[in-house]
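Student: Would you mind keeping the following structure in view while I ask a few things?
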Amino acid sequence: MTKHIFVTGGVVSSLGKGLTSASIGLLLERRGLNIRMQKLDPYINVDPGTMSPYQHGEVYVLDDGSETDLDLGHYERFTDSPLSRGSNYTTGQIYQSVISKERRGEYLGKTVQVVPHVTDEIKQCVRKLAGPDVDIVITELGGTVGDIEGLPFLEAIRQIPLDVGKENCLFIHLTLVPYLKAARELKTKPTQHSVGQLRQIGIHPDILIVRTERPLGSDNIEKIALFCNTEKEAVIEEIDKEFSIYEVPQGLLDHGLDQLILDKLHLDAQPPQMDDWREMLQRLRNPEHEITIAVVGKYIEHRDAYKSIYESLDHAGIANSSRILIKRIEAQDIEEQDPQLLLSGVDGILVPGGFGRRGIEGKIQAIRYARQCEIPFFGICLGMQCAVIEFARNVLGLPNAHSTEFASDTDHPVICLLEEQKKITYKGGTMRLGAQPCLLSEESHAAECYEADEISERHRHRYEFNPEYKAQLEESGMVVTGSSPDGTLAEIVEISDHPWFVAVQFHPEFKSKPSMPHPLFSGFVAAALQRHQQRLQWQM
């Protein structure tokens, strides 16, 4: 029977349950086990697709078009677990399904209640991932123990051991032991209270993973074990990793978490195969070079808004033996200042995706600076659209060129709404979403990076390159080097006489791993490194 691991969090939010869950998944996979990963989110939104990045961080898109929580990005970067629509459920989805069943009469006249009907729906969603070829399902519960909206999920996972047997379930609780500088003490009381709340619900954590900025020491570990009614060996210290999130699995391995999980679930497995992961960490810690990449965006002050972008740059840095220094630049600041003041000295410029008019002109100015100064440039989604607008204005001589998203009455709509989007009124789940095929032109930067002539990448957008301007753009040097198989949609544009100017309509950051950097990010960083080395030679 498939085993289940449930990961909950207490004391405060943003403790890193997603990273911890992904790390557990990695360790178990390296033991030869077949796992599945899942996130349950208590918010009422059906999915994060309509939520502001300030509220929720980035929206992570899967191959099947699901708009999901950013923690699923950690799952994919750390593990090989296949993710799909069934890997992320929200309160909104649960209630939507329950209400639809009630309207169809499936409850046969019963009064529909949180228990058992909502909790049964949650349990069904968890059990969907189980199967004869799956050893362990790891389910992370969003939010913090004590949140009122999380109670139905906690009640549901409390019941699952009654259905599948306690020997097939494991509860892991992640908490914080804060350090009070004034008292010069680590305080275990918040962890005790958090575990107490779980026990009142009927869940007894089998393993406690304790986040801390300083070593706990044996006294604190014994205190936590005693007052939380847990074996001392099951209190796992997780000290903050200042260098890289990719150190987390090794830290948990050093504390024997993987073996503890196997013992408690009565599983046998091979020794962990971690040599390649350690080698990757070694390359990350000991880079030969250091380069600076400017990321010009709208949500710069919120790091999680571009989480996958930053991680993909780090992955590409590993592939190029380079430490990536990211210079985060608010697009609006470029509108108010000389771009050279903000962008001079960088080795590459990246403009990521986004929505809304704010900062658009700043992004366009940054792209113009990259084009004219021959700085390696990488545009993603809206970054590609801004690149087309900039080229049309300043090379084709069409000063009013724009996207109809921002100027519906523009004389030159070089970016326009997708035909299938014109009749859509709802916002949620209605964009061009998920994996789409793309054909690459020979002798392009894209084809060189991918070493292929056909690829598949994930999309999330409503507006598109206007094919009516393709001939004009290509005559002036901006070439469509990637397109949909039927040739109607432009997926990649490049400037032929520029050292490295590539802009894509899709989101390559969703398919990058530390052990397998995305080809376009690797190519971009390689070009930035080459420019950096050339600049050093010029200065000698």
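Identifiers for the structure tokens are assigned positionally: chains receive A, B, ... in sequence, residues are indexed from 1 per chain, and ligands are indexed from 1 in the order shown.
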List the spatial neighbours of range 299-310 of chain A as a list in words - criterion: any atom at most 7 Å away, only C-alpha atoms, same-chain residues fewer than 2 positions off excluded.

Tutor: Pro53, Tyr54, Gly57, Glu58, Gly297, Ser312, Leu313, Asp314, Arg328, Ile329, Glu330, Glu509 and Phe510 of chain A

Student: Please write the residues from the selection above to a file, keeping all heavy atoms, as a short mmCIF file (atom, residue, chain, number, x, y, z; two decimals), in the first residue's frame.

Tutor:
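Saved as result14.cif:
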data_model
loop_
_atom_site.label_atom_id
_atom_site.label_comp_id
_atom_site.auth_asym_id
_atom_site.auth_seq_id
_atom_site.Cartn_x
_atom_site.Cartn_y
_atom_site.Cartn_z
N PRO A 53 1.11 39.06 -7.42
CA PRO A 53 2.41 38.56 -6.96
C PRO A 53 2.81 39.11 -5.60
O PRO A 53 3.57 38.47 -4.87
CB PRO A 53 3.38 39.04 -8.06
CG PRO A 53 2.53 39.19 -9.27
CD PRO A 53 1.20 39.67 -8.75
N TYR A 54 2.30 40.30 -5.26
CA TYR A 54 2.59 40.85 -3.93
C TYR A 54 1.95 40.00 -2.84
O TYR A 54 2.45 39.90 -1.72
CB TYR A 54 2.08 42.28 -3.82
CG TYR A 54 2.79 43.26 -4.70
CD1 TYR A 54 2.14 43.88 -5.76
CD2 TYR A 54 4.13 43.59 -4.50
CE1 TYR A 54 2.79 44.79 -6.58
CE2 TYR A 54 4.79 44.50 -5.31
CZ TYR A 54 4.11 45.09 -6.35
OH TYR A 54 4.75 45.98 -7.16
N GLY A 57 3.39 35.74 -4.51
CA GLY A 57 4.58 35.38 -5.26
C GLY A 57 4.21 34.93 -6.66
O GLY A 57 3.12 35.21 -7.16
N GLU A 58 5.12 34.22 -7.31
CA GLU A 58 4.88 33.83 -8.69
C GLU A 58 3.80 32.75 -8.79
O GLU A 58 3.55 32.00 -7.84
CB GLU A 58 6.17 33.31 -9.33
CG GLU A 58 6.57 31.92 -8.88
CD GLU A 58 7.79 31.37 -9.61
OE1 GLU A 58 8.38 32.09 -10.45
OE2 GLU A 58 8.17 30.23 -9.32
N GLY A 297 12.20 44.60 -13.60
CA GLY A 297 10.83 44.13 -13.48
C GLY A 297 9.93 45.07 -12.71
O GLY A 297 10.33 46.15 -12.29
N SER A 312 16.71 29.92 -11.77
CA SER A 312 17.23 29.50 -13.07
C SER A 312 18.55 30.18 -13.38
O SER A 312 19.44 29.58 -14.00
CB SER A 312 16.21 29.81 -14.17
OG SER A 312 15.02 29.08 -13.96
N LEU A 313 18.70 31.43 -12.97
CA LEU A 313 19.99 32.12 -13.15
C LEU A 313 21.08 31.44 -12.33
O LEU A 313 22.22 31.27 -12.80
CB LEU A 313 19.86 33.59 -12.77
CG LEU A 313 19.09 34.48 -13.75
CD1 LEU A 313 18.84 35.86 -13.15
CD2 LEU A 313 19.86 34.62 -15.07
N ASP A 314 20.74 31.03 -11.11
CA ASP A 314 21.70 30.30 -10.29
C ASP A 314 22.08 28.97 -10.94
O ASP A 314 23.25 28.57 -10.93
CB ASP A 314 21.14 30.05 -8.89
CG ASP A 314 21.24 31.29 -7.99
OD1 ASP A 314 22.02 32.20 -8.32
OD2 ASP A 314 20.53 31.33 -6.97
N ARG A 328 18.70 43.94 -8.92
CA ARG A 328 17.26 44.09 -9.09
C ARG A 328 16.91 45.55 -9.33
O ARG A 328 17.20 46.41 -8.49
CB ARG A 328 16.52 43.55 -7.86
CG ARG A 328 16.74 42.07 -7.62
CD ARG A 328 16.18 41.60 -6.30
NE ARG A 328 16.33 40.17 -6.14
CZ ARG A 328 17.44 39.59 -5.69
NH1 ARG A 328 18.48 40.32 -5.33
NH2 ARG A 328 17.51 38.27 -5.59
N ILE A 329 16.29 45.82 -10.46
CA ILE A 329 16.00 47.20 -10.86
C ILE A 329 14.51 47.35 -11.11
O ILE A 329 13.92 46.62 -11.93
CB ILE A 329 16.79 47.60 -12.12
CG1 ILE A 329 18.30 47.49 -11.85
CG2 ILE A 329 16.44 49.00 -12.57
CD1 ILE A 329 19.17 47.78 -13.05
N GLU A 330 13.89 48.27 -10.40
CA GLU A 330 12.47 48.59 -10.60
C GLU A 330 12.32 49.30 -11.94
O GLU A 330 12.99 50.30 -12.22
CB GLU A 330 11.98 49.48 -9.47
CG GLU A 330 10.51 49.85 -9.55
CD GLU A 330 9.60 48.65 -9.36
OE1 GLU A 330 9.82 47.88 -8.42
OE2 GLU A 330 8.65 48.51 -10.17
N GLU A 509 11.84 29.43 -17.36
CA GLU A 509 12.26 29.27 -15.96
C GLU A 509 11.53 28.15 -15.25
O GLU A 509 12.00 27.66 -14.20
CB GLU A 509 12.07 30.58 -15.20
CG GLU A 509 10.62 31.00 -14.96
CD GLU A 509 10.03 31.86 -16.07
OE1 GLU A 509 10.53 31.76 -17.20
OE2 GLU A 509 9.07 32.60 -15.80
N PHE A 510 10.39 27.69 -15.80
CA PHE A 510 9.64 26.63 -15.15
C PHE A 510 10.19 25.23 -15.45
O PHE A 510 9.65 24.24 -14.96
CB PHE A 510 8.17 26.68 -15.58
CG PHE A 510 7.44 27.91 -15.11
CD1 PHE A 510 6.40 28.46 -15.85
CD2 PHE A 510 7.79 28.53 -13.92
CE1 PHE A 510 5.73 29.59 -15.41
CE2 PHE A 510 7.12 29.67 -13.48
CZ PHE A 510 6.09 30.20 -14.23
#

Student: Report the distance between CA of Ser81 in chain A and CA of Leu33 in chain A in Å, rounded to one decimal place.

Tutor: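 Value for the CA of Ser81 in chain A-CA of Leu33 in chain A distance: 10.6 Å.
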
Student: In Å to one decimal, how far is CA of Thr292 in chain A from CA of Ile326 in chain A?

Tutor: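 Atom-to-atom, CA of Ile326 in chain A and CA of Thr292 in chain A are spaced 5.8 Å apart.
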
Student: For Ala528 in chain A, work out the shell of residues within 9 Å, counting only C-alpha atoms and skipping chain neighbours fewer than 2 positions away, then give it as a PDB file with N, CA, C and O atoms, in the first residue's frame.

Tutor:
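Below is the file out13.pdb, written as the result:
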ATOM      1  N   ILE A 291      29.654  37.281 -12.226  1.00  0.00           N
ATOM      2  CA  ILE A 291      29.068  38.214 -13.194  1.00  0.00           C
ATOM      3  C   ILE A 291      27.803  38.835 -12.616  1.00  0.00           C
ATOM      4  O   ILE A 291      27.194  38.293 -11.685  1.00  0.00           O
ATOM      5  N   THR A 292      27.420  39.964 -13.192  1.00  0.00           N
ATOM      6  CA  THR A 292      26.250  40.704 -12.713  1.00  0.00           C
ATOM      7  C   THR A 292      25.168  40.713 -13.780  1.00  0.00           C
ATOM      8  O   THR A 292      25.413  41.112 -14.929  1.00  0.00           O
ATOM      9  N   ILE A 293      23.985  40.274 -13.398  1.00  0.00           N
ATOM     10  CA  ILE A 293      22.818  40.275 -14.284  1.00  0.00           C
ATOM     11  C   ILE A 293      21.781  41.239 -13.714  1.00  0.00           C
ATOM     12  O   ILE A 293      21.412  41.134 -12.541  1.00  0.00           O
ATOM     13  N   VAL A 346      26.689  46.236 -15.921  1.00  0.00           N
ATOM     14  CA  VAL A 346      26.110  44.892 -15.824  1.00  0.00           C
ATOM     15  C   VAL A 346      26.583  44.061 -17.010  1.00  0.00           C
ATOM     16  O   VAL A 346      26.934  44.589 -18.076  1.00  0.00           O
ATOM     17  N   ASP A 347      26.577  42.755 -16.841  1.00  0.00           N
ATOM     18  CA  ASP A 347      27.044  41.854 -17.890  1.00  0.00           C
ATOM     19  C   ASP A 347      25.906  41.279 -18.718  1.00  0.00           C
ATOM     20  O   ASP A 347      26.139  40.699 -19.782  1.00  0.00           O
ATOM     21  N   GLY A 348      24.684  41.403 -18.234  1.00  0.00           N
ATOM     22  CA  GLY A 348      23.516  40.929 -18.961  1.00  0.00           C
ATOM     23  C   GLY A 348      22.274  41.582 -18.399  1.00  0.00           C
ATOM     24  O   GLY A 348      22.252  42.020 -17.241  1.00  0.00           O
ATOM     25  N   ILE A 349      21.235  41.673 -19.235  1.00  0.00           N
ATOM     26  CA  ILE A 349      19.967  42.294 -18.823  1.00  0.00           C
ATOM     27  C   ILE A 349      18.835  41.319 -19.125  1.00  0.00           C
ATOM     28  O   ILE A 349      18.730  40.807 -20.246  1.00  0.00           O
ATOM     29  N   ILE A 375      24.744  44.531 -25.063  1.00  0.00           N
ATOM     30  CA  ILE A 375      24.766  43.764 -23.817  1.00  0.00           C
ATOM     31  C   ILE A 375      23.865  42.541 -23.997  1.00  0.00           C
ATOM     32  O   ILE A 375      22.742  42.677 -24.491  1.00  0.00           O
ATOM     33  N   PRO A 376      24.315  41.344 -23.630  1.00  0.00           N
ATOM     34  CA  PRO A 376      23.437  40.168 -23.735  1.00  0.00           C
ATOM     35  C   PRO A 376      22.082  40.439 -23.095  1.00  0.00           C
ATOM     36  O   PRO A 376      22.003  40.916 -21.959  1.00  0.00           O
ATOM     37  N   PHE A 377      21.027  40.112 -23.838  1.00  0.00           N
ATOM     38  CA  PHE A 377      19.662  40.394 -23.381  1.00  0.00           C
ATOM     39  C   PHE A 377      18.821  39.129 -23.486  1.00  0.00           C
ATOM     40  O   PHE A 377      18.902  38.376 -24.457  1.00  0.00           O
ATOM     41  N   TRP A 500      24.084  38.543 -28.334  1.00  0.00           N
ATOM     42  CA  TRP A 500      23.127  37.580 -27.773  1.00  0.00           C
ATOM     43  C   TRP A 500      21.872  38.343 -27.360  1.00  0.00           C
ATOM     44  O   TRP A 500      21.796  38.918 -26.285  1.00  0.00           O
ATOM     45  N   GLY A 523      22.782  29.564 -21.983  1.00  0.00           N
ATOM     46  CA  GLY A 523      23.324  30.335 -23.098  1.00  0.00           C
ATOM     47  C   GLY A 523      23.422  31.810 -22.781  1.00  0.00           C
ATOM     48  O   GLY A 523      24.407  32.474 -23.147  1.00  0.00           O
ATOM     49  N   PHE A 524      22.412  32.344 -22.109  1.00  0.00           N
ATOM     50  CA  PHE A 524      22.413  33.757 -21.712  1.00  0.00           C
ATOM     51  C   PHE A 524      23.554  34.058 -20.754  1.00  0.00           C
ATOM     52  O   PHE A 524      24.303  35.027 -20.933  1.00  0.00           O
ATOM     53  N   VAL A 525      23.721  33.223 -19.727  1.00  0.00           N
ATOM     54  CA  VAL A 525      24.791  33.440 -18.752  1.00  0.00           C
ATOM     55  C   VAL A 525      26.158  33.268 -19.408  1.00  0.00           C
ATOM     56  O   VAL A 525      27.113  34.003 -19.099  1.00  0.00           O
ATOM     57  N   ALA A 526      26.281  32.308 -20.338  1.00  0.00           N
ATOM     58  CA  ALA A 526      27.547  32.129 -21.054  1.00  0.00           C
ATOM     59  C   ALA A 526      27.900  33.387 -21.846  1.00  0.00           C
ATOM     60  O   ALA A 526      29.067  33.816 -21.872  1.00  0.00           O
ATOM     61  N   GLN A 530      31.074  35.902 -21.248  1.00  0.00           N
ATOM     62  CA  GLN A 530      31.985  36.291 -22.328  1.00  0.00           C
ATOM     63  C   GLN A 530      32.147  37.808 -22.368  1.00  0.00           C
ATOM     64  O   GLN A 530      33.262  38.321 -22.526  1.00  0.00           O
ATOM     65  N   ARG A 531      31.050  38.535 -22.215  1.00  0.00           N
ATOM     66  CA  ARG A 531      31.139  40.000 -22.199  1.00  0.00           C
ATOM     67  C   ARG A 531      31.960  40.470 -21.006  1.00  0.00           C
ATOM     68  O   ARG A 531      32.779  41.386 -21.110  1.00  0.00           O
ATOM     69  N   HIS A 532      31.728  39.840 -19.851  1.00  0.00           N
ATOM     70  CA  HIS A 532      32.471  40.216 -18.647  1.00  0.00           C
ATOM     71  C   HIS A 532      33.976  40.041 -18.860  1.00  0.00           C
ATOM     72  O   HIS A 532      34.773  40.919 -18.503  1.00  0.00           O
ATOM     73  N   GLN A 533      34.367  38.928 -19.457  1.00  0.00           N
ATOM     74  CA  GLN A 533      35.784  38.669 -19.689  1.00  0.00           C
ATOM     75  C   GLN A 533      36.365  39.638 -20.707  1.00  0.00           C
ATOM     76  O   GLN A 533      37.519  40.070 -20.584  1.00  0.00           O
TER      77      GLN A 533
END

Student: Please provide the set of residues having any atom within 9 Å of range 171-183 of chain A, restricted to only C-alpha atoms, with same-chain residues fewer than 6 positions apart removed, written as an MDAnalysis selection string.

Tutor: chainID A and resid 4:12 15:17 20 189:191 194:195 203:214 216

Student: Nearest residue to Gly86 in chain A out of A:Glu247, A:Glu419, A:Glu457, A:Glu67, using only C-alpha atoms?

Tutor: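 For Gly86 in chain A, the nearest of the given residues is A:Glu67.
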
Student: Write out as JSON, numbers by chain all residues of range 234-416 of chain A that DSSP puts in alpha helix (DSSP H) for this structure's backbone.

Tutor: {"A": [248, 249, 250, 251, 252, 253, 254, 257, 258, 259, 260, 261, 262, 263, 264, 275, 276, 277, 278, 279, 280, 281, 282, 283, 284, 285, 307, 308, 309, 310, 311, 312, 313, 314, 315, 316, 317, 318, 319, 331, 332, 333, 334, 335, 336, 339, 340, 341, 342, 343, 360, 361, 362, 363, 364, 365, 366, 367, 368, 369, 370, 371, 372, 382, 383, 384, 385, 386, 387, 388, 389, 390, 391, 392, 393, 394]}

Student: I need the residues from that last selection saved to file as an mmCIF file, in the first residue's frame (with C-alpha atoms), if you can.

Tutor:
data_model
loop_
_atom_site.group_PDB
_atom_site.id
_atom_site.type_symbol
_atom_site.label_atom_id
_atom_site.label_comp_id
_atom_site.auth_asym_id
_atom_site.auth_seq_id
_atom_site.Cartn_x
_atom_site.Cartn_y
_atom_site.Cartn_z
ATOM 1 C CA VAL A 248 18.794 21.810 2.846
ATOM 2 C CA PRO A 249 18.618 18.151 1.684
ATOM 3 C CA GLN A 250 22.209 17.500 2.732
ATOM 4 C CA GLY A 251 21.535 19.016 6.167
ATOM 5 C CA LEU A 252 18.503 16.771 6.696
ATOM 6 C CA LEU A 253 20.503 13.776 5.451
ATOM 7 C CA ASP A 254 23.269 14.522 7.955
ATOM 8 C CA LEU A 257 15.888 12.176 8.571
ATOM 9 C CA ASP A 258 15.616 9.831 5.589
ATOM 10 C CA GLN A 259 16.455 6.740 7.655
ATOM 11 C CA LEU A 260 14.105 7.874 10.435
ATOM 12 C CA ILE A 261 11.247 8.147 7.923
ATOM 13 C CA LEU A 262 11.985 4.687 6.526
ATOM 14 C CA ASP A 263 12.083 3.184 10.018
ATOM 15 C CA LYS A 264 8.779 4.737 11.034
ATOM 16 C CA ASP A 275 27.203 12.121 -5.128
ATOM 17 C CA ASP A 276 25.941 14.239 -8.040
ATOM 18 C CA TRP A 277 24.055 16.569 -5.653
ATOM 19 C CA ARG A 278 27.176 17.067 -3.539
ATOM 20 C CA GLU A 279 29.184 17.741 -6.692
ATOM 21 C CA MET A 280 26.627 20.344 -7.729
ATOM 22 C CA LEU A 281 26.913 22.018 -4.312
ATOM 23 C CA GLN A 282 30.690 21.999 -4.628
ATOM 24 C CA ARG A 283 30.479 23.827 -7.974
ATOM 25 C CA LEU A 284 27.992 26.262 -6.479
ATOM 26 C CA ARG A 285 30.266 27.044 -3.527
ATOM 27 C CA LYS A 307 11.400 33.050 -7.754
ATOM 28 C CA SER A 308 11.937 30.698 -10.695
ATOM 29 C CA ILE A 309 13.840 33.383 -12.643
ATOM 30 C CA TYR A 310 16.364 33.836 -9.851
ATOM 31 C CA GLU A 311 16.736 30.083 -9.334
ATOM 32 C CA SER A 312 17.233 29.499 -13.065
ATOM 33 C CA LEU A 313 19.985 32.119 -13.152
ATOM 34 C CA ASP A 314 21.704 30.302 -10.290
ATOM 35 C CA HIS A 315 21.379 27.005 -12.171
ATOM 36 C CA ALA A 316 22.937 28.583 -15.256
ATOM 37 C CA GLY A 317 25.692 29.984 -13.051
ATOM 38 C CA ILE A 318 26.506 26.442 -11.890
ATOM 39 C CA ALA A 319 26.734 25.300 -15.526
ATOM 40 C CA ALA A 331 11.307 49.316 -14.160
ATOM 41 C CA GLN A 332 9.689 52.588 -13.096
ATOM 42 C CA ASP A 333 13.056 53.867 -11.844
ATOM 43 C CA ILE A 334 14.435 53.632 -15.382
ATOM 44 C CA GLU A 335 11.601 55.857 -16.590
ATOM 45 C CA GLU A 336 12.668 58.543 -14.123
ATOM 46 C CA PRO A 339 19.169 54.041 -17.996
ATOM 47 C CA GLN A 340 22.956 54.212 -18.065
ATOM 48 C CA LEU A 341 23.031 55.250 -14.401
ATOM 49 C CA LEU A 342 21.220 52.048 -13.434
ATOM 50 C CA LEU A 343 22.480 49.607 -16.054
ATOM 51 C CA ILE A 360 6.386 49.228 -19.349
ATOM 52 C CA GLU A 361 8.288 52.253 -20.687
ATOM 53 C CA GLY A 362 11.140 51.541 -18.263
ATOM 54 C CA LYS A 363 11.404 47.985 -19.573
ATOM 55 C CA ILE A 364 11.428 49.272 -23.148
ATOM 56 C CA GLN A 365 14.217 51.744 -22.311
ATOM 57 C CA ALA A 366 16.249 48.964 -20.652
ATOM 58 C CA ILE A 367 15.876 46.800 -23.766
ATOM 59 C CA ARG A 368 16.951 49.687 -25.999
ATOM 60 C CA TYR A 369 20.038 50.150 -23.842
ATOM 61 C CA ALA A 370 20.866 46.412 -24.116
ATOM 62 C CA ARG A 371 20.389 46.464 -27.896
ATOM 63 C CA GLN A 372 22.424 49.608 -28.560
ATOM 64 C CA LEU A 382 6.149 40.361 -21.536
ATOM 65 C CA GLY A 383 9.905 40.873 -21.900
ATOM 66 C CA MET A 384 9.647 39.556 -25.463
ATOM 67 C CA GLN A 385 6.661 41.755 -26.203
ATOM 68 C CA CYS A 386 8.526 44.825 -24.937
ATOM 69 C CA ALA A 387 11.503 43.865 -27.111
ATOM 70 C CA VAL A 388 9.272 43.807 -30.200
ATOM 71 C CA ILE A 389 7.743 47.162 -29.265
ATOM 72 C CA GLU A 390 11.184 48.731 -28.724
ATOM 73 C CA PHE A 391 12.509 47.456 -32.059
ATOM 74 C CA ALA A 392 9.422 48.605 -33.942
ATOM 75 C CA ARG A 393 9.650 52.087 -32.446
ATOM 76 C CA ASN A 394 13.370 52.720 -32.693
#

Student: Enumerate as a PyMOL selection string all residues of range 258-453 of chain A assigned to strand (DSSP E or B) by DSSP on the backbone, naming them with the chain letters and numbers the document uses.

Tutor: chain A and resi 289-297+322-330+348-351+377-380+401-403+412-417+432-440

Student: What separation in Å, quoted to one decimal, exists between CA of Leu417 in chain A and CA of Val59 in chain A?

Tutor: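 Between CA of Leu417 in chain A and CA of Val59 in chain A the gap works out to 21.0 Å.
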
Student: Closest to Ser483 in chain A among A:Cys438, A:Val112, A:Ile99, A:Ala527, using only C-alpha atoms?

Tutor: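 The shortest atom-to-atom distance to Ser483 in chain A comes from A:Cys438.
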
Student: Restricting the calculation to only C-alpha atoms, which member of A:Ser13, A:Ser52, A:Ser522, A:Ser21 is positioned closest to Phe355 in chain A?

Tutor: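 Counting only C-alpha atoms, the residue closest to Phe355 in chain A is A:Ser52.
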
Student: Which residue is closest to Leu28 in chain A? Choose from A:Ser444, A:Phe378, A:Thr79, A:Val479 and count only C-alpha atoms.

Tutor: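 Smallest distance to Leu28 in chain A is found for A:Thr79.
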
Student: Please identify every residue of range 84-105 of chain A that has at least one atom no farther than 12 Å from an atom of range 152-155 of chain A, counting only C-alpha atoms, and for each give the shortest atom pair and the distance in Å to one decimal, arranged by chain then increasing number, as a tab-separated table.

Tutor:
residue	atom	partner	partner_atom	distance
A:Tyr89	CA	A:Phe153	CA	10.6
A:Thr90	CA	A:Phe153	CA	9.9
A:Thr91	CA	A:Phe153	CA	8.8
A:Ile94	CA	A:Phe153	CA	10.2
A:Tyr95	CA	A:Pro152	CA	11.0

Student: Could you take the residues named above and write them with all heavy atoms, as a compact mmCIF listing (two decimals), in the first residue's frame?

Tutor:
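Output below, filename part_22.txt:
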# COMPACT_ATOMS: atom_id res chain seq x y z
N TYR A 89 -4.30 21.49 -4.60
CA TYR A 89 -5.73 21.75 -4.37
C TYR A 89 -5.89 22.91 -3.40
O TYR A 89 -5.08 23.07 -2.47
CB TYR A 89 -6.43 20.51 -3.79
CG TYR A 89 -6.62 19.40 -4.79
CD1 TYR A 89 -5.73 18.34 -4.84
CD2 TYR A 89 -7.69 19.41 -5.68
CE1 TYR A 89 -5.90 17.30 -5.75
CE2 TYR A 89 -7.87 18.38 -6.59
CZ TYR A 89 -6.97 17.34 -6.63
OH TYR A 89 -7.14 16.33 -7.54
N THR A 90 -6.92 23.70 -3.62
CA THR A 90 -7.23 24.82 -2.74
C THR A 90 -8.62 24.62 -2.12
O THR A 90 -9.41 23.79 -2.59
CB THR A 90 -7.23 26.14 -3.53
OG1 THR A 90 -8.37 26.14 -4.43
CG2 THR A 90 -5.96 26.33 -4.31
N THR A 91 -8.89 25.40 -1.08
CA THR A 91 -10.25 25.39 -0.51
C THR A 91 -11.28 25.70 -1.58
O THR A 91 -12.36 25.09 -1.62
CB THR A 91 -10.34 26.42 0.63
OG1 THR A 91 -9.49 26.02 1.70
CG2 THR A 91 -11.77 26.53 1.16
N ILE A 94 -11.97 22.62 -3.60
CA ILE A 94 -12.69 21.62 -2.79
C ILE A 94 -14.17 21.98 -2.69
O ILE A 94 -15.05 21.15 -2.96
CB ILE A 94 -12.06 21.49 -1.39
CG1 ILE A 94 -10.60 20.99 -1.47
CG2 ILE A 94 -12.91 20.58 -0.51
CD1 ILE A 94 -10.44 19.61 -2.03
N TYR A 95 -14.45 23.22 -2.31
CA TYR A 95 -15.85 23.63 -2.15
C TYR A 95 -16.57 23.68 -3.50
O TYR A 95 -17.77 23.38 -3.58
CB TYR A 95 -15.93 24.97 -1.43
CG TYR A 95 -15.90 24.84 0.07
CD1 TYR A 95 -14.70 24.75 0.76
CD2 TYR A 95 -17.08 24.75 0.81
CE1 TYR A 95 -14.66 24.60 2.14
CE2 TYR A 95 -17.07 24.60 2.19
CZ TYR A 95 -15.85 24.53 2.84
OH TYR A 95 -15.82 24.37 4.21

Student: Just want the 8 Å neighbourhood of range 37-44 of chain A, counted on only C-alpha atoms, with same-chain residues fewer than 6 positions away dropped. Output as a ChimeraX atom specification.

Tutor: /A:22,25,69,71-72,75,81,83,86-93,126,137-143,149-150,153

Student: Under the rule that only C-alpha atoms are counted, which of A:Ser408, A:Thr68, A:Asn34, A:Gln159 is the nearest residue to Ile201 in chain A?

Tutor: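 Checking each of A:Ser408, A:Thr68, A:Asn34, A:Gln159 against Ile201 in chain A, counting only C-alpha atoms, the winner is A:Gln159.
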
Student: When distances are computed from only C-alpha atoms, which of A:Ala471, A:Ala435, A:Met516, A:Val118 shows the smallest separation from Leu62 in chain A?

Tutor: A:Ala435

Student: Name the residues in contact with Glu405 in chain A at a cut-off of 9 Å, using only C-alpha atoms, excluding same-chain residues fewer than 4 positions from it; report them as a ChimeraX atom specification.

Tutor: /A:356-357,415-417,463
